[in-house]
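Source file: entry.cif; contents: mmCIF, C-alpha atoms.
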data_entry
#
loop_
_atom_site.label_atom_id
_atom_site.label_comp_id
_atom_site.auth_asym_id
_atom_site.auth_seq_id
_atom_site.Cartn_x
_atom_site.Cartn_y
_atom_site.Cartn_z
CA VAL A 472 15.84 132.06 -162.36
CA ASP A 473 15.43 135.65 -161.18
CA GLY A 474 19.03 136.40 -162.19
CA ILE A 475 18.40 134.96 -165.65
CA ALA A 476 15.25 137.07 -166.06
CA ARG A 477 17.08 140.18 -164.87
CA ALA A 478 19.96 139.48 -167.28
CA ALA A 479 17.54 138.96 -170.17
CA ALA A 480 15.72 142.20 -169.30
CA GLY A 481 19.05 144.01 -169.23
CA ALA A 482 19.81 142.69 -172.72
CA ILE A 483 17.54 145.39 -174.15
CA ASP A 484 19.86 148.35 -174.68
CA GLY A 485 21.82 147.32 -171.58
CA VAL A 486 19.19 148.80 -169.23
CA ASP A 487 17.66 146.92 -166.29
CA ASP A 488 14.39 148.85 -166.22
CA LEU A 489 13.48 150.71 -169.40
CA LEU A 490 10.54 152.54 -167.85
CA ARG A 491 12.17 153.58 -164.57
CA GLY A 492 13.12 157.02 -165.89
CA PHE A 493 9.66 157.60 -167.33
CA ARG A 494 8.04 156.70 -164.02
CA GLN A 495 10.31 159.09 -162.11
CA ASP A 496 10.35 162.10 -164.47
CA PRO A 497 8.62 161.60 -167.83
CA VAL A 498 9.22 165.16 -169.09
CA ARG A 499 12.96 164.89 -168.50
CA GLU A 500 13.11 161.47 -170.15
CA VAL A 501 11.36 162.76 -173.28
CA ALA A 502 13.77 165.70 -173.41
CA LEU A 503 16.74 163.35 -173.01
CA ALA A 504 15.37 161.05 -175.73
CA ARG A 505 15.04 164.04 -178.06
CA GLN A 506 18.57 165.13 -177.24
CA ARG A 507 19.95 161.63 -177.91
CA HIS A 508 18.06 161.55 -181.21
CA ASP A 509 19.38 164.96 -182.23
CA GLU A 510 22.93 163.91 -181.41
CA LYS A 511 22.60 160.85 -183.68
CA ALA A 512 20.95 162.82 -186.49
CA PRO A 513 23.22 163.99 -189.28
CA LYS A 514 24.21 167.65 -189.26
CA PRO A 515 22.38 169.82 -191.81
CA VAL A 516 24.26 170.85 -194.92
CA ALA A 517 25.57 174.41 -194.95
CA ASP A 518 23.58 176.95 -196.99
CA TYR A 519 26.47 177.80 -199.28
CA ILE A 520 26.82 174.13 -200.24
CA VAL A 521 23.11 173.95 -201.06
CA SER A 522 23.36 177.13 -203.14
CA ILE A 523 26.42 175.86 -205.01
CA SER A 524 24.72 172.51 -205.64
CA TRP A 525 21.59 174.17 -207.03
CA GLY A 526 23.77 176.40 -209.20
CA LEU A 527 25.71 173.43 -210.56
CA VAL A 528 22.54 171.46 -211.30
CA THR A 529 20.93 174.45 -213.01
CA GLY A 530 24.12 175.12 -214.98
CA PHE A 531 24.32 171.48 -216.07
CA ALA A 532 20.68 171.50 -217.22
CA VAL A 533 21.11 174.80 -219.12
CA PHE A 534 24.32 173.51 -220.73
CA ASN A 535 22.57 170.32 -221.89
CA LEU A 536 19.63 172.32 -223.24
CA LEU A 537 21.90 174.72 -225.15
CA ALA A 538 24.01 171.83 -226.48
CA ALA A 539 20.87 170.09 -227.74
CA VAL A 540 19.63 173.29 -229.38
CA ALA A 541 23.04 173.84 -230.99
CA ILE A 542 23.17 170.30 -232.36
CA ILE A 543 19.62 170.50 -233.70
CA THR A 544 20.29 173.91 -235.24
CA PHE A 545 23.61 172.91 -236.78
CA TYR A 546 22.56 169.53 -238.17
CA GLY A 547 18.92 170.43 -238.67
CA THR A 548 19.73 173.14 -241.21
CA TYR A 549 21.56 170.58 -243.38
CA LEU A 550 18.98 167.81 -243.19
CA PRO A 551 17.31 166.94 -246.48
CA PRO A 552 13.57 167.69 -246.43
CA GLU A 553 12.62 163.99 -246.41
CA ALA A 554 14.59 163.45 -243.15
CA VAL A 555 12.95 166.26 -241.16
CA TYR A 556 9.67 164.55 -240.27
CA PRO A 557 11.26 161.21 -239.31
CA THR A 558 13.57 163.19 -237.02
CA TYR A 559 10.56 164.84 -235.39
CA ALA A 560 8.87 161.45 -235.04
CA ALA A 561 12.00 159.92 -233.48
CA THR A 562 12.20 162.82 -231.04
CA ILE A 563 8.56 162.41 -230.00
CA VAL A 564 8.93 158.62 -229.60
CA GLY A 565 12.08 159.13 -227.52
CA MET A 566 10.31 161.64 -225.28
CA VAL A 567 7.32 159.32 -224.78
CA VAL A 568 9.54 156.36 -223.93
CA ASN A 569 11.76 158.40 -221.61
CA MET A 570 9.02 160.32 -219.80
CA GLY A 571 6.35 157.64 -219.91
CA LEU A 572 8.00 154.26 -219.57
CA PHE A 573 11.22 155.01 -217.69
CA GLU A 574 9.66 157.47 -215.25
CA SER A 575 6.81 155.04 -214.56
CA ILE A 576 9.25 152.23 -213.82
CA LYS A 577 11.23 154.55 -211.56
CA CYS A 578 8.07 155.45 -209.62
CA VAL A 579 7.14 151.77 -209.22
CA VAL A 580 10.61 150.92 -207.92
CA ILE A 581 10.54 153.81 -205.44
CA ALA A 582 7.07 152.79 -204.23
CA ALA A 583 8.18 149.17 -203.79
CA TRP A 584 11.23 150.27 -201.84
CA ALA A 585 9.06 152.46 -199.58
CA LEU A 586 6.69 149.55 -198.92
CA VAL A 587 9.55 147.23 -198.00
CA ASP A 588 11.05 149.91 -195.75
CA ASP A 589 7.70 150.47 -193.99
CA GLY A 590 7.23 146.72 -193.53
CA THR A 591 10.71 146.36 -192.07
CA SER A 592 10.12 149.28 -189.72
CA ALA A 593 6.76 147.87 -188.59
CA ARG A 594 8.33 144.44 -187.97
CA ARG A 595 11.16 146.03 -186.02
CA MET A 596 8.72 148.01 -183.85
CA THR A 597 6.59 144.90 -183.26
CA ASN A 598 9.63 142.94 -182.12
CA ARG A 599 10.77 145.82 -179.91
CA GLY A 600 7.31 146.07 -178.31
CA ARG A 601 7.23 142.32 -177.77
CA ALA A 602 10.63 142.42 -176.06
CA ILE A 603 9.53 145.27 -173.78
CA ARG A 604 6.28 143.46 -172.88
CA MET A 605 8.22 140.31 -172.06
CA MET A 606 10.59 142.32 -169.90
CA LEU A 607 7.68 143.94 -168.06
CA LYS A 608 6.03 140.54 -167.51
CA ARG A 609 9.23 139.30 -165.88
CA GLN A 610 9.21 142.23 -163.45
CA ARG A 611 5.70 141.55 -162.12
CA PRO A 612 5.62 139.96 -158.69
CA GLY A 613 4.55 136.34 -158.83
CA ALA A 614 5.32 136.04 -162.55
#

Final structure tokens representation of the file:
Amino acid sequence: VDGIARAAAGAIDGVDDLLRGFRQDPVREVALARQRHDEKAPKPVADYIVSISWGLVTGFAVFNLLAAVAIITFYGTYLPPEAVYPTYAATIVGMVVNMGLFESIKCVVIAAWALVDDGTSARRMTNRGRAIRMMLKRQRPGA
């Protein structure tokens, strides 16, 4: 039975005693945990890539703005007077739908995703804590 309990305790990250290092040298263990985390973390993007990306995004936005102004100027000068105000109304309705409805839906979807992610993380931490507590209970003498 003791071998089974020891094997089950070792099933957590392949370590027999998760808290042994913390009991011996907690400062070193925290530093090692940080180092392991930093090694797993993705490398930051180089500054020149960030600058180029911002430049491309800005250029794309300016191009779209100038293209829209050119189209409005070119076709707007040839619109008959009775078509000008419906064009303005269609533009305003399009802006309201795009900025109001679509952006609101996007925000709701992002909030729902964040809630699901937080719930999953909380469940994962609860299960991890439960596994560690069970492992510690198995290590007590007389348990």

One-decimal distance in Å that lies between CA of Ile603 (chain A) and CA of Lys511 (chain A):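 Atom-to-atom, CA of Lys511 (chain A) to CA of Ile603 (chain A), that is 22.6 Å.
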
Distance in Å - CA of Met566 (chain A) versus CA of Ala532 (chain A):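 Distance reported for this atom pair: 16.4 Å.
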
Interatomic distance, CA of Ala560 (chain A) to CA of Ile576 (chain A) (Å, one decimal):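 The value is 23.1 Å.
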
Generate N, CA and C atoms for region 544-562 of chain A and emit them as a PDB file, in the frame of the given file.
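Below you can see selection22.pdb, which holds the result:
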ATOM      1  N   THR A 544      20.176 172.783-234.302  1.00  0.00           N
ATOM      2  CA  THR A 544      20.290 173.910-235.240  1.00  0.00           C
ATOM      3  C   THR A 544      21.361 173.626-236.287  1.00  0.00           C
ATOM      4  N   PHE A 545      22.513 173.130-235.839  1.00  0.00           N
ATOM      5  CA  PHE A 545      23.610 172.910-236.780  1.00  0.00           C
ATOM      6  C   PHE A 545      23.278 171.799-237.781  1.00  0.00           C
ATOM      7  N   TYR A 546      22.849 170.642-237.271  1.00  0.00           N
ATOM      8  CA  TYR A 546      22.560 169.530-238.170  1.00  0.00           C
ATOM      9  C   TYR A 546      21.190 169.644-238.810  1.00  0.00           C
ATOM     10  N   GLY A 547      20.274 170.309-238.137  1.00  0.00           N
ATOM     11  CA  GLY A 547      18.920 170.430-238.670  1.00  0.00           C
ATOM     12  C   GLY A 547      18.847 171.300-239.909  1.00  0.00           C
ATOM     13  N   THR A 548      19.743 172.274-240.025  1.00  0.00           N
ATOM     14  CA  THR A 548      19.730 173.140-241.210  1.00  0.00           C
ATOM     15  C   THR A 548      20.247 172.402-242.440  1.00  0.00           C
ATOM     16  N   TYR A 549      20.996 171.317-242.245  1.00  0.00           N
ATOM     17  CA  TYR A 549      21.560 170.580-243.380  1.00  0.00           C
ATOM     18  C   TYR A 549      20.809 169.288-243.663  1.00  0.00           C
ATOM     19  N   LEU A 550      19.739 169.025-242.935  1.00  0.00           N
ATOM     20  CA  LEU A 550      18.980 167.810-243.190  1.00  0.00           C
ATOM     21  C   LEU A 550      18.203 167.962-244.503  1.00  0.00           C
ATOM     22  N   PRO A 551      18.159 166.888-245.284  1.00  0.00           N
ATOM     23  CA  PRO A 551      17.310 166.940-246.480  1.00  0.00           C
ATOM     24  C   PRO A 551      15.837 166.974-246.038  1.00  0.00           C
ATOM     25  N   PRO A 552      14.976 167.547-246.835  1.00  0.00           N
ATOM     26  CA  PRO A 552      13.570 167.690-246.430  1.00  0.00           C
ATOM     27  C   PRO A 552      12.889 166.367-246.073  1.00  0.00           C
ATOM     28  N   GLU A 553      13.268 165.267-246.723  1.00  0.00           N
ATOM     29  CA  GLU A 553      12.620 163.990-246.410  1.00  0.00           C
ATOM     30  C   GLU A 553      13.072 163.401-245.073  1.00  0.00           C
ATOM     31  N   ALA A 554      14.105 163.947-244.440  1.00  0.00           N
ATOM     32  CA  ALA A 554      14.590 163.450-243.150  1.00  0.00           C
ATOM     33  C   ALA A 554      14.088 164.288-241.975  1.00  0.00           C
ATOM     34  N   VAL A 555      13.384 165.372-242.242  1.00  0.00           N
ATOM     35  CA  VAL A 555      12.950 166.260-241.160  1.00  0.00           C
ATOM     36  C   VAL A 555      11.833 165.606-240.346  1.00  0.00           C
ATOM     37  N   TYR A 556      10.798 165.124-241.008  1.00  0.00           N
ATOM     38  CA  TYR A 556       9.670 164.550-240.270  1.00  0.00           C
ATOM     39  C   TYR A 556      10.017 163.251-239.545  1.00  0.00           C
ATOM     40  N   PRO A 557      10.830 162.363-240.111  1.00  0.00           N
ATOM     41  CA  PRO A 557      11.260 161.210-239.310  1.00  0.00           C
ATOM     42  C   PRO A 557      12.077 161.614-238.074  1.00  0.00           C
ATOM     43  N   THR A 558      12.831 162.702-238.185  1.00  0.00           N
ATOM     44  CA  THR A 558      13.570 163.190-237.020  1.00  0.00           C
ATOM     45  C   THR A 558      12.613 163.670-235.933  1.00  0.00           C
ATOM     46  N   TYR A 559      11.578 164.409-236.355  1.00  0.00           N
ATOM     47  CA  TYR A 559      10.560 164.840-235.390  1.00  0.00           C
ATOM     48  C   TYR A 559       9.880 163.634-234.742  1.00  0.00           C
ATOM     49  N   ALA A 560       9.544 162.630-235.560  1.00  0.00           N
ATOM     50  CA  ALA A 560       8.870 161.450-235.040  1.00  0.00           C
ATOM     51  C   ALA A 560       9.787 160.701-234.044  1.00  0.00           C
ATOM     52  N   ALA A 561      11.066 160.584-234.374  1.00  0.00           N
ATOM     53  CA  ALA A 561      12.000 159.920-233.480  1.00  0.00           C
ATOM     54  C   ALA A 561      12.140 160.696-232.164  1.00  0.00           C
ATOM     55  N   THR A 562      12.124 162.000-232.244  1.00  0.00           N
ATOM     56  CA  THR A 562      12.200 162.820-231.040  1.00  0.00           C
ATOM     57  C   THR A 562      10.975 162.608-230.160  1.00  0.00           C
TER      58      THR A 562
END
